[in-house]
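What follows is one structure encoded as structure tokens, with my remarks underneath.
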Amino acid sequence: MSLQTVIGSLHELQDQLKPFREILLANLVMAGEIPAPTSGENERIEFLLNRFNEAGLSESSIDDCGNGIGVLEGEEGEHSILLNAHADTVFSSKVDHTMQVTSDKITGPGVADNSLGLGVLATIPYILQQLDITLRNNLVLFGGVKSLGRGDLEGIRFFLDNHNFDISHALCIEGVELGRLSYTSIGMIRGEITCKVPESYDWSRFGDASAILTLNEVINKINDIRLPKRPRTSVVMGSISGGSSFNTIAKEATLGFEVRSESEEVVDDVGRTIKDIAKEVASKTGDEVELDIFARRRPGGIPYAHPMNKCARQVMNTLNIEPRLAPSTSELAALIDKDIPALTLGITSGDRIHKMDESVQIEPIYKGLAQIIGILIATDGGFCE
């Protein structure tokens, strides 16, 4: 089969996927209603393994890190293609994970990031078998744990360090956004700065002691850091927490942040500056200011002109999907560290991401699925070497 044959069959493939609506949505809803906070994904992984076993996949297993793995054997099996979706979400197990399904969308916590990705992973073997799509290479289906936040990609890093598959290429699938095409990883450090008023503070005097005020001083100094325009660099201050009531002095406050840059050196430089800021504010205020860096990414990836990237853009253009090129800090970074050509792709359109009423559109899923399968077939056919 030529690449043009693959490209030419995509619209027909999109139509062929519509009869799989019920099984796909069922897998999505069942996966999505299982809470899976980072490091608490075991029940969701067991669900995934049950789906793999029902599809007759060989070597279905849970590894020592808790990842779910299934292998769809290829006709030749000399190499393997990895299809990856992370299993964890940002929501606590205490949150009501009920999924609401209407004619055009599904709503519920974590449905976009990344219950839909996991639902697709559970459904792909059934789709390929029913459409009689046979691959030359093995297809390794991977549901990864401990990906988000403090998980720091532990699941996929463990797998890549310990697997015995000859992985030639990889695709990472995310619920949103359709058109996402990530082929590089941006340099990043992620951490928290926690300010605490010391227990020895004299609370009987009127003063301005407050962990929130101390944290505000840290934030102001971070804002004053001169960041280069080239390489592109930013500091994202994503969350603030602290205090308990209107009339009580806050004894503790925490800032969650990321430093992102195209340059690893710049990331390290900004990280050192933030460390100095924490020390300076602590010495000035007498408060405890603790810096905790718990995640790091190295920049890298495949070139824009790489055959895998070219194939992906051809597939997307044929399906009238506008490619949205952006670097990633997801599982792609772990694959890049192992020099495995890889892409991250989105499946559909979504709204209110990381909110309790997070939602995804149903109709674009067929196009997103056709995109994934088209790129998978092109990769298997040797057009992405």
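Every chain in the structure tokens takes a letter, A first, then B, and so on in the order presented; its residues are numbered from 1, and the ligands are numbered from 1 following the presented order.
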Original post:
Quick one: residues within 9 Å of Leu181 of chain A, only C-alpha atoms counted, chain neighbours fewer than 4 positions away excluded, as number ranges by chain?
Top reply: A: 309, 312-313, 323-327, 343-346
Dump C-alpha atoms for the selected residues as a PDB file, in the first residue's frame?
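To be explicit, this is the file written out as out-v4.pdb:
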ATOM      1  CA  ASN A 309       5.758  14.836  11.035  1.00  0.00           C
ATOM      2  CA  ALA A 312       0.892  13.506  10.206  1.00  0.00           C
ATOM      3  CA  ARG A 313       0.333  16.852   8.496  1.00  0.00           C
ATOM      4  CA  PRO A 323      -2.592  21.384  12.574  1.00  0.00           C
ATOM      5  CA  ARG A 324      -1.849  23.324  15.749  1.00  0.00           C
ATOM      6  CA  LEU A 325       1.863  23.066  16.271  1.00  0.00           C
ATOM      7  CA  ALA A 326       2.951  23.432  19.877  1.00  0.00           C
ATOM      8  CA  PRO A 327       5.622  21.883  22.109  1.00  0.00           C
ATOM      9  CA  LEU A 343       4.008  12.749  18.240  1.00  0.00           C
ATOM     10  CA  THR A 344       1.235  13.872  20.569  1.00  0.00           C
ATOM     11  CA  LEU A 345      -2.229  14.134  18.978  1.00  0.00           C
ATOM     12  CA  GLY A 346      -5.628  15.367  20.168  1.00  0.00           C
TER      13      GLY A 346
END
Subject >> All residues 8 Å or closer to Leu148 of chain A, only C-alpha atoms, same chain fewer than 4 positions away omitted, as a list in words >> reply: Thr38, Asp88, Thr89, Val90, Asp152 and Leu153 of chain A
Go ahead and save the picked residues with N, CA and C atoms, as a PDB file, in the first residue's frame.
ATOM      1  N   THR A  38      -3.436  10.868  40.276  1.00  0.00           N
ATOM      2  CA  THR A  38      -2.057  10.411  40.098  1.00  0.00           C
ATOM      3  C   THR A  38      -1.622   9.552  41.281  1.00  0.00           C
ATOM      4  N   ASP A  88      -4.087   8.820  34.439  1.00  0.00           N
ATOM      5  CA  ASP A  88      -4.437   9.648  35.584  1.00  0.00           C
ATOM      6  C   ASP A  88      -5.101  10.951  35.171  1.00  0.00           C
ATOM      7  N   THR A  89      -5.848  11.530  36.126  1.00  0.00           N
ATOM      8  CA  THR A  89      -6.493  12.826  35.937  1.00  0.00           C
ATOM      9  C   THR A  89      -6.112  13.728  37.108  1.00  0.00           C
ATOM     10  N   VAL A  90      -6.517  14.985  37.031  1.00  0.00           N
ATOM     11  CA  VAL A  90      -6.171  15.942  38.087  1.00  0.00           C
ATOM     12  C   VAL A  90      -7.181  15.918  39.232  1.00  0.00           C
ATOM     13  N   ASP A 152       5.398  13.122  37.474  1.00  0.00           N
ATOM     14  CA  ASP A 152       6.580  13.426  36.669  1.00  0.00           C
ATOM     15  C   ASP A 152       6.897  12.316  35.658  1.00  0.00           C
ATOM     16  N   LEU A 153       5.843  11.799  35.005  1.00  0.00           N
ATOM     17  CA  LEU A 153       6.017  10.794  33.949  1.00  0.00           C
ATOM     18  C   LEU A 153       6.674   9.507  34.445  1.00  0.00           C
TER      19      LEU A 153
END
Original post:
DSSP on the backbone: what in segment 116-353 of chain A comes out alpha helix (DSSP H), as a ChimeraX atom specification?
Top reply: /A:116-130,154-162,211-223,264-285,307-318,332-337
Find the spatial neighbours of Leu10 of chain A, counting only C-alpha atoms, within a cut-off of 8 Å - ignore same-chain residues fewer than 3 positions away - and output them as an mmCIF file with C-alpha atoms, in the first residue's frame.
data_model
loop_
_atom_site.group_PDB
_atom_site.id
_atom_site.type_symbol
_atom_site.label_atom_id
_atom_site.label_comp_id
_atom_site.auth_asym_id
_atom_site.auth_seq_id
_atom_site.Cartn_x
_atom_site.Cartn_y
_atom_site.Cartn_z
ATOM 1 C CA VAL A 6 -3.476 5.476 2.836
ATOM 2 C CA ILE A 7 -4.237 9.179 2.472
ATOM 3 C CA LEU A 13 -12.269 5.335 7.189
ATOM 4 C CA GLN A 14 -13.906 8.224 9.025
ATOM 5 C CA VAL A 315 -3.264 12.998 7.175
ATOM 6 C CA THR A 318 -6.760 15.412 4.112
ATOM 7 C CA LEU A 319 -9.252 15.197 6.982
ATOM 8 C CA ALA A 370 -9.355 8.431 11.621
ATOM 9 C CA GLN A 371 -6.345 10.699 12.082
ATOM 10 C CA GLY A 374 -4.195 6.886 9.417
#
Subject >> Pick from A:Ser244, A:Asn27, A:Asn138, A:Asn114, whichever lies nearest to Gly70 of chain A using only C-alpha atoms >> reply: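 Answer, going by the shortest atom-to-atom distance: A:Asn138.
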**OP:** as a count of residues only, please: all residues of segment 123-245 of chain A that backbone DSSP puts in strand (DSSP E or B).
**Re:** 42
Subject >> Nearest-residue call for Arg150 of chain A, choices A:Gly77, A:Gly191, A:Gly179, A:Gly110, using only C-alpha atoms >> reply: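 Going through A:Gly77, A:Gly191, A:Gly179, A:Gly110 one by one, the smallest distance to Arg150 of chain A is for A:Gly191.
Of the listed residues A:Val111, A:Leu128, A:Leu160, A:Ala87, the one whose atoms come nearest to Leu57 of chain A is A:Leu128, with distances taken using only C-alpha atoms.
Comparing A:Ile62, A:Pro303, A:Glu192, A:Val235 by their smallest distance to Leu255 of chain A, the closest is A:Glu192 (using only C-alpha atoms).
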Which residues are close to His97 of chain A, i.e. within 10 Å by only C-alpha atoms, leaving aside same-chain residues fewer than 2 positions away? Reply as a tab-separated table (two decimals) with C-alpha atoms, in the first residue's frame.
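Written out: part_39.tsv:
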chain	number	residue	atom	x	y	z
A	29	VAL	CA	-17.90	6.44	30.31
A	31	ALA	CA	-13.19	4.51	32.32
A	32	GLY	CA	-14.18	8.07	33.17
A	33	GLU	CA	-16.35	7.06	36.11
A	34	ILE	CA	-13.41	5.29	37.76
A	35	PRO	CA	-11.46	7.87	39.82
A	36	ALA	CA	-7.79	7.92	38.84
A	91	PHE	CA	-9.28	15.07	40.14
A	92	SER	CA	-9.38	13.52	43.60
A	93	SER	CA	-11.10	10.19	44.23
A	94	LYS	CA	-13.52	12.11	46.50
A	95	VAL	CA	-14.97	13.93	43.47
A	99	MET	CA	-20.37	11.16	33.27
A	100	GLN	CA	-23.31	12.93	31.63
A	107	THR	CA	-19.45	15.97	30.45
A	108	GLY	CA	-17.59	14.99	33.59
A	109	PRO	CA	-14.37	15.56	35.52
A	110	GLY	CA	-11.34	14.33	33.59
A	111	VAL	CA	-13.28	13.36	30.46
A	356	MET	CA	-15.87	19.69	37.19
Subject >> Polymer residues at most 10 Å from segment 280-284 of chain A, only C-alpha atoms, same-chain spacing of 2 or more positions, as a PyMOL selection string >> reply: chain A and resi 195-196+214-215+217-218+221+274-278+286-290
Would you mind exporting N, CA and C atoms of the selected residues as a PDB file, in the first residue's frame?
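Generated output (part-v7.pdb):
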ATOM      1  N   CYS A 195       5.452  29.220  51.805  1.00  0.00           N
ATOM      2  CA  CYS A 195       5.839  30.199  52.827  1.00  0.00           C
ATOM      3  C   CYS A 195       5.107  29.872  54.126  1.00  0.00           C
ATOM      4  N   LYS A 196       5.860  29.817  55.223  1.00  0.00           N
ATOM      5  CA  LYS A 196       5.274  29.508  56.524  1.00  0.00           C
ATOM      6  C   LYS A 196       5.723  30.545  57.551  1.00  0.00           C
ATOM      7  N   THR A 214       4.039  37.245  52.500  1.00  0.00           N
ATOM      8  CA  THR A 214       5.381  36.780  52.149  1.00  0.00           C
ATOM      9  C   THR A 214       5.389  36.179  50.751  1.00  0.00           C
ATOM     10  N   LEU A 215       4.372  35.353  50.470  1.00  0.00           N
ATOM     11  CA  LEU A 215       4.283  34.755  49.146  1.00  0.00           C
ATOM     12  C   LEU A 215       4.091  35.824  48.071  1.00  0.00           C
ATOM     13  N   GLU A 217       5.365  38.774  48.100  1.00  0.00           N
ATOM     14  CA  GLU A 217       6.680  39.349  47.841  1.00  0.00           C
ATOM     15  C   GLU A 217       7.499  38.443  46.921  1.00  0.00           C
ATOM     16  N   VAL A 218       7.387  37.136  47.131  1.00  0.00           N
ATOM     17  CA  VAL A 218       8.065  36.187  46.243  1.00  0.00           C
ATOM     18  C   VAL A 218       7.551  36.348  44.816  1.00  0.00           C
ATOM     19  N   LYS A 221       8.843  39.432  43.054  1.00  0.00           N
ATOM     20  CA  LYS A 221      10.242  39.311  42.627  1.00  0.00           C
ATOM     21  C   LYS A 221      10.381  38.376  41.420  1.00  0.00           C
ATOM     22  N   ILE A 274      15.109  31.847  40.983  1.00  0.00           N
ATOM     23  CA  ILE A 274      13.970  31.655  41.881  1.00  0.00           C
ATOM     24  C   ILE A 274      14.435  31.088  43.219  1.00  0.00           C
ATOM     25  N   LYS A 275      15.431  30.228  43.190  1.00  0.00           N
ATOM     26  CA  LYS A 275      15.998  29.705  44.434  1.00  0.00           C
ATOM     27  C   LYS A 275      16.603  30.828  45.262  1.00  0.00           C
ATOM     28  N   ASP A 276      17.308  31.745  44.599  1.00  0.00           N
ATOM     29  CA  ASP A 276      17.886  32.898  45.304  1.00  0.00           C
ATOM     30  C   ASP A 276      16.798  33.802  45.866  1.00  0.00           C
ATOM     31  N   ILE A 277      15.701  33.968  45.112  1.00  0.00           N
ATOM     32  CA  ILE A 277      14.591  34.793  45.592  1.00  0.00           C
ATOM     33  C   ILE A 277      14.007  34.206  46.868  1.00  0.00           C
ATOM     34  N   ALA A 278      13.833  32.888  46.888  1.00  0.00           N
ATOM     35  CA  ALA A 278      13.287  32.235  48.081  1.00  0.00           C
ATOM     36  C   ALA A 278      14.182  32.479  49.293  1.00  0.00           C
ATOM     37  N   GLY A 286      12.020  36.674  57.844  1.00  0.00           N
ATOM     38  CA  GLY A 286      12.098  35.751  58.969  1.00  0.00           C
ATOM     39  C   GLY A 286      11.160  34.571  58.834  1.00  0.00           C
ATOM     40  N   ASP A 287      10.388  34.528  57.752  1.00  0.00           N
ATOM     41  CA  ASP A 287       9.500  33.393  57.510  1.00  0.00           C
ATOM     42  C   ASP A 287      10.270  32.233  56.866  1.00  0.00           C
ATOM     43  N   GLU A 288       9.684  31.069  56.926  1.00  0.00           N
ATOM     44  CA  GLU A 288      10.254  29.916  56.240  1.00  0.00           C
ATOM     45  C   GLU A 288       9.758  29.918  54.794  1.00  0.00           C
ATOM     46  N   VAL A 289      10.682  29.904  53.843  1.00  0.00           N
ATOM     47  CA  VAL A 289      10.326  29.887  52.422  1.00  0.00           C
ATOM     48  C   VAL A 289      11.018  28.682  51.795  1.00  0.00           C
ATOM     49  N   GLU A 290      10.226  27.691  51.427  1.00  0.00           N
ATOM     50  CA  GLU A 290      10.771  26.429  50.922  1.00  0.00           C
ATOM     51  C   GLU A 290      10.474  26.286  49.435  1.00  0.00           C
TER      52      GLU A 290
END
Hey, could you make a per-residue contact list for segment 66-142 of chain A against segment 334-338 of chain A with 12 Å as the cut-off, showing the nearest pair of atoms and its distance in Å to one decimal, counting only C-alpha atoms, sorted by chain and number, as CSV?
residue,atom,partner,partner_atom,distance
A:Leu82,CA,A:Leu335,CA,10.0
A:Leu83,CA,A:Leu335,CA,11.6
A:Asn84,CA,A:Leu335,CA,10.6
**OP:** Rounded to one decimal place, report the atom CA of Ala253 of chain A-atom CA of Ile240 of chain A distance in Å.
**Re:**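 According to the coordinates, atom CA of Ala253 of chain A and atom CA of Ile240 of chain A are separated by 7.3 Å.
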**OP:** Within 7 Å of Asn42 of chain A, counting only C-alpha atoms, which residues show up once you throw out same-chain ones fewer than 3 positions away? Write them as an NGL selection string, please.
**Re:** :A and (45-46 or 66)
**OP:** Enter the distance from atom CA of Leu139 of chain A to atom CA of Glu363 of chain A, in Å, rounded to one decimal.
**Re:** 26.2 Å
Original post:
Which residue, A:Ile377, A:Ile347, A:Met1, A:Met316, has the smallest gap to Ile362 of chain A when you use only C-alpha atoms?
Top reply: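 Looking at the shortest contact to Ile362 of chain A, the residue is A:Ile347.
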Subject >> Shell of 10 Å around Phe52 of chain A, only C-alpha atoms, local chain residues under 5 positions omitted, as a ChimeraX atom specification >> reply: /A:46-47,57-61,68-72,121-126,141
Would you output that residue set with N, CA and C atoms, as a PDB file, in the first residue's frame?
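Contents of out26.pdb, freshly written:
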ATOM      1  N   GLU A  46      -6.935  -1.749  35.710  1.00  0.00           N
ATOM      2  CA  GLU A  46      -7.565  -3.069  35.674  1.00  0.00           C
ATOM      3  C   GLU A  46      -8.695  -3.096  34.655  1.00  0.00           C
ATOM      4  N   PHE A  47      -9.462  -2.015  34.575  1.00  0.00           N
ATOM      5  CA  PHE A  47     -10.508  -1.923  33.552  1.00  0.00           C
ATOM      6  C   PHE A  47      -9.894  -2.021  32.155  1.00  0.00           C
ATOM      7  N   LEU A  57      -5.800  -9.688  23.129  1.00  0.00           N
ATOM      8  CA  LEU A  57      -4.426  -9.226  22.972  1.00  0.00           C
ATOM      9  C   LEU A  57      -3.467 -10.144  23.718  1.00  0.00           C
ATOM     10  N   SER A  58      -2.303 -10.370  23.123  1.00  0.00           N
ATOM     11  CA  SER A  58      -1.282 -11.178  23.784  1.00  0.00           C
ATOM     12  C   SER A  58      -0.492 -10.306  24.751  1.00  0.00           C
ATOM     13  N   GLU A  59       0.095 -10.942  25.732  1.00  0.00           N
ATOM     14  CA  GLU A  59       0.977 -10.265  26.683  1.00  0.00           C
ATOM     15  C   GLU A  59       0.301  -9.115  27.416  1.00  0.00           C
ATOM     16  N   SER A  60      -1.003  -9.194  27.632  1.00  0.00           N
ATOM     17  CA  SER A  60      -1.677  -8.170  28.431  1.00  0.00           C
ATOM     18  C   SER A  60      -1.215  -8.295  29.881  1.00  0.00           C
ATOM     19  N   SER A  61      -0.765  -7.187  30.448  1.00  0.00           N
ATOM     20  CA  SER A  61      -0.184  -7.285  31.791  1.00  0.00           C
ATOM     21  C   SER A  61      -0.129  -5.920  32.449  1.00  0.00           C
ATOM     22  N   GLY A  68      -0.625  -0.327  32.461  1.00  0.00           N
ATOM     23  CA  GLY A  68      -1.335  -1.372  31.741  1.00  0.00           C
ATOM     24  C   GLY A  68      -0.804  -1.505  30.330  1.00  0.00           C
ATOM     25  N   ILE A  69      -0.479  -2.732  29.920  1.00  0.00           N
ATOM     26  CA  ILE A  69       0.160  -2.971  28.619  1.00  0.00           C
ATOM     27  C   ILE A  69      -0.572  -4.099  27.899  1.00  0.00           C
ATOM     28  N   GLY A  70      -0.873  -3.874  26.624  1.00  0.00           N
ATOM     29  CA  GLY A  70      -1.430  -4.912  25.772  1.00  0.00           C
ATOM     30  C   GLY A  70      -0.725  -4.902  24.430  1.00  0.00           C
ATOM     31  N   VAL A  71      -0.538  -6.056  23.821  1.00  0.00           N
ATOM     32  CA  VAL A  71       0.198  -6.145  22.550  1.00  0.00           C
ATOM     33  C   VAL A  71      -0.701  -6.764  21.485  1.00  0.00           C
ATOM     34  N   LEU A  72      -0.924  -6.002  20.413  1.00  0.00           N
ATOM     35  CA  LEU A  72      -1.594  -6.527  19.235  1.00  0.00           C
ATOM     36  C   LEU A  72      -0.492  -6.950  18.269  1.00  0.00           C
ATOM     37  N   LEU A 121      -7.880   4.116  23.617  1.00  0.00           N
ATOM     38  CA  LEU A 121      -6.881   3.056  23.729  1.00  0.00           C
ATOM     39  C   LEU A 121      -7.547   1.700  23.938  1.00  0.00           C
ATOM     40  N   ALA A 122      -8.624   1.679  24.742  1.00  0.00           N
ATOM     41  CA  ALA A 122      -9.338   0.430  25.014  1.00  0.00           C
ATOM     42  C   ALA A 122     -10.123  -0.055  23.802  1.00  0.00           C
ATOM     43  N   THR A 123     -10.475   0.868  22.902  1.00  0.00           N
ATOM     44  CA  THR A 123     -11.348   0.534  21.769  1.00  0.00           C
ATOM     45  C   THR A 123     -10.577   0.222  20.494  1.00  0.00           C
ATOM     46  N   ILE A 124      -9.378   0.754  20.354  1.00  0.00           N
ATOM     47  CA  ILE A 124      -8.582   0.604  19.126  1.00  0.00           C
ATOM     48  C   ILE A 124      -8.432  -0.866  18.687  1.00  0.00           C
ATOM     49  N   PRO A 125      -8.111  -1.812  19.591  1.00  0.00           N
ATOM     50  CA  PRO A 125      -7.948  -3.208  19.122  1.00  0.00           C
ATOM     51  C   PRO A 125      -9.213  -3.733  18.458  1.00  0.00           C
ATOM     52  N   TYR A 126     -10.359  -3.432  19.044  1.00  0.00           N
ATOM     53  CA  TYR A 126     -11.633  -3.886  18.498  1.00  0.00           C
ATOM     54  C   TYR A 126     -11.882  -3.260  17.127  1.00  0.00           C
ATOM     55  N   LEU A 141       0.013  -1.219  23.161  1.00  0.00           N
ATOM     56  CA  LEU A 141      -0.969  -0.298  23.735  1.00  0.00           C
ATOM     57  C   LEU A 141      -0.616  -0.084  25.197  1.00  0.00           C
TER      58      LEU A 141
END
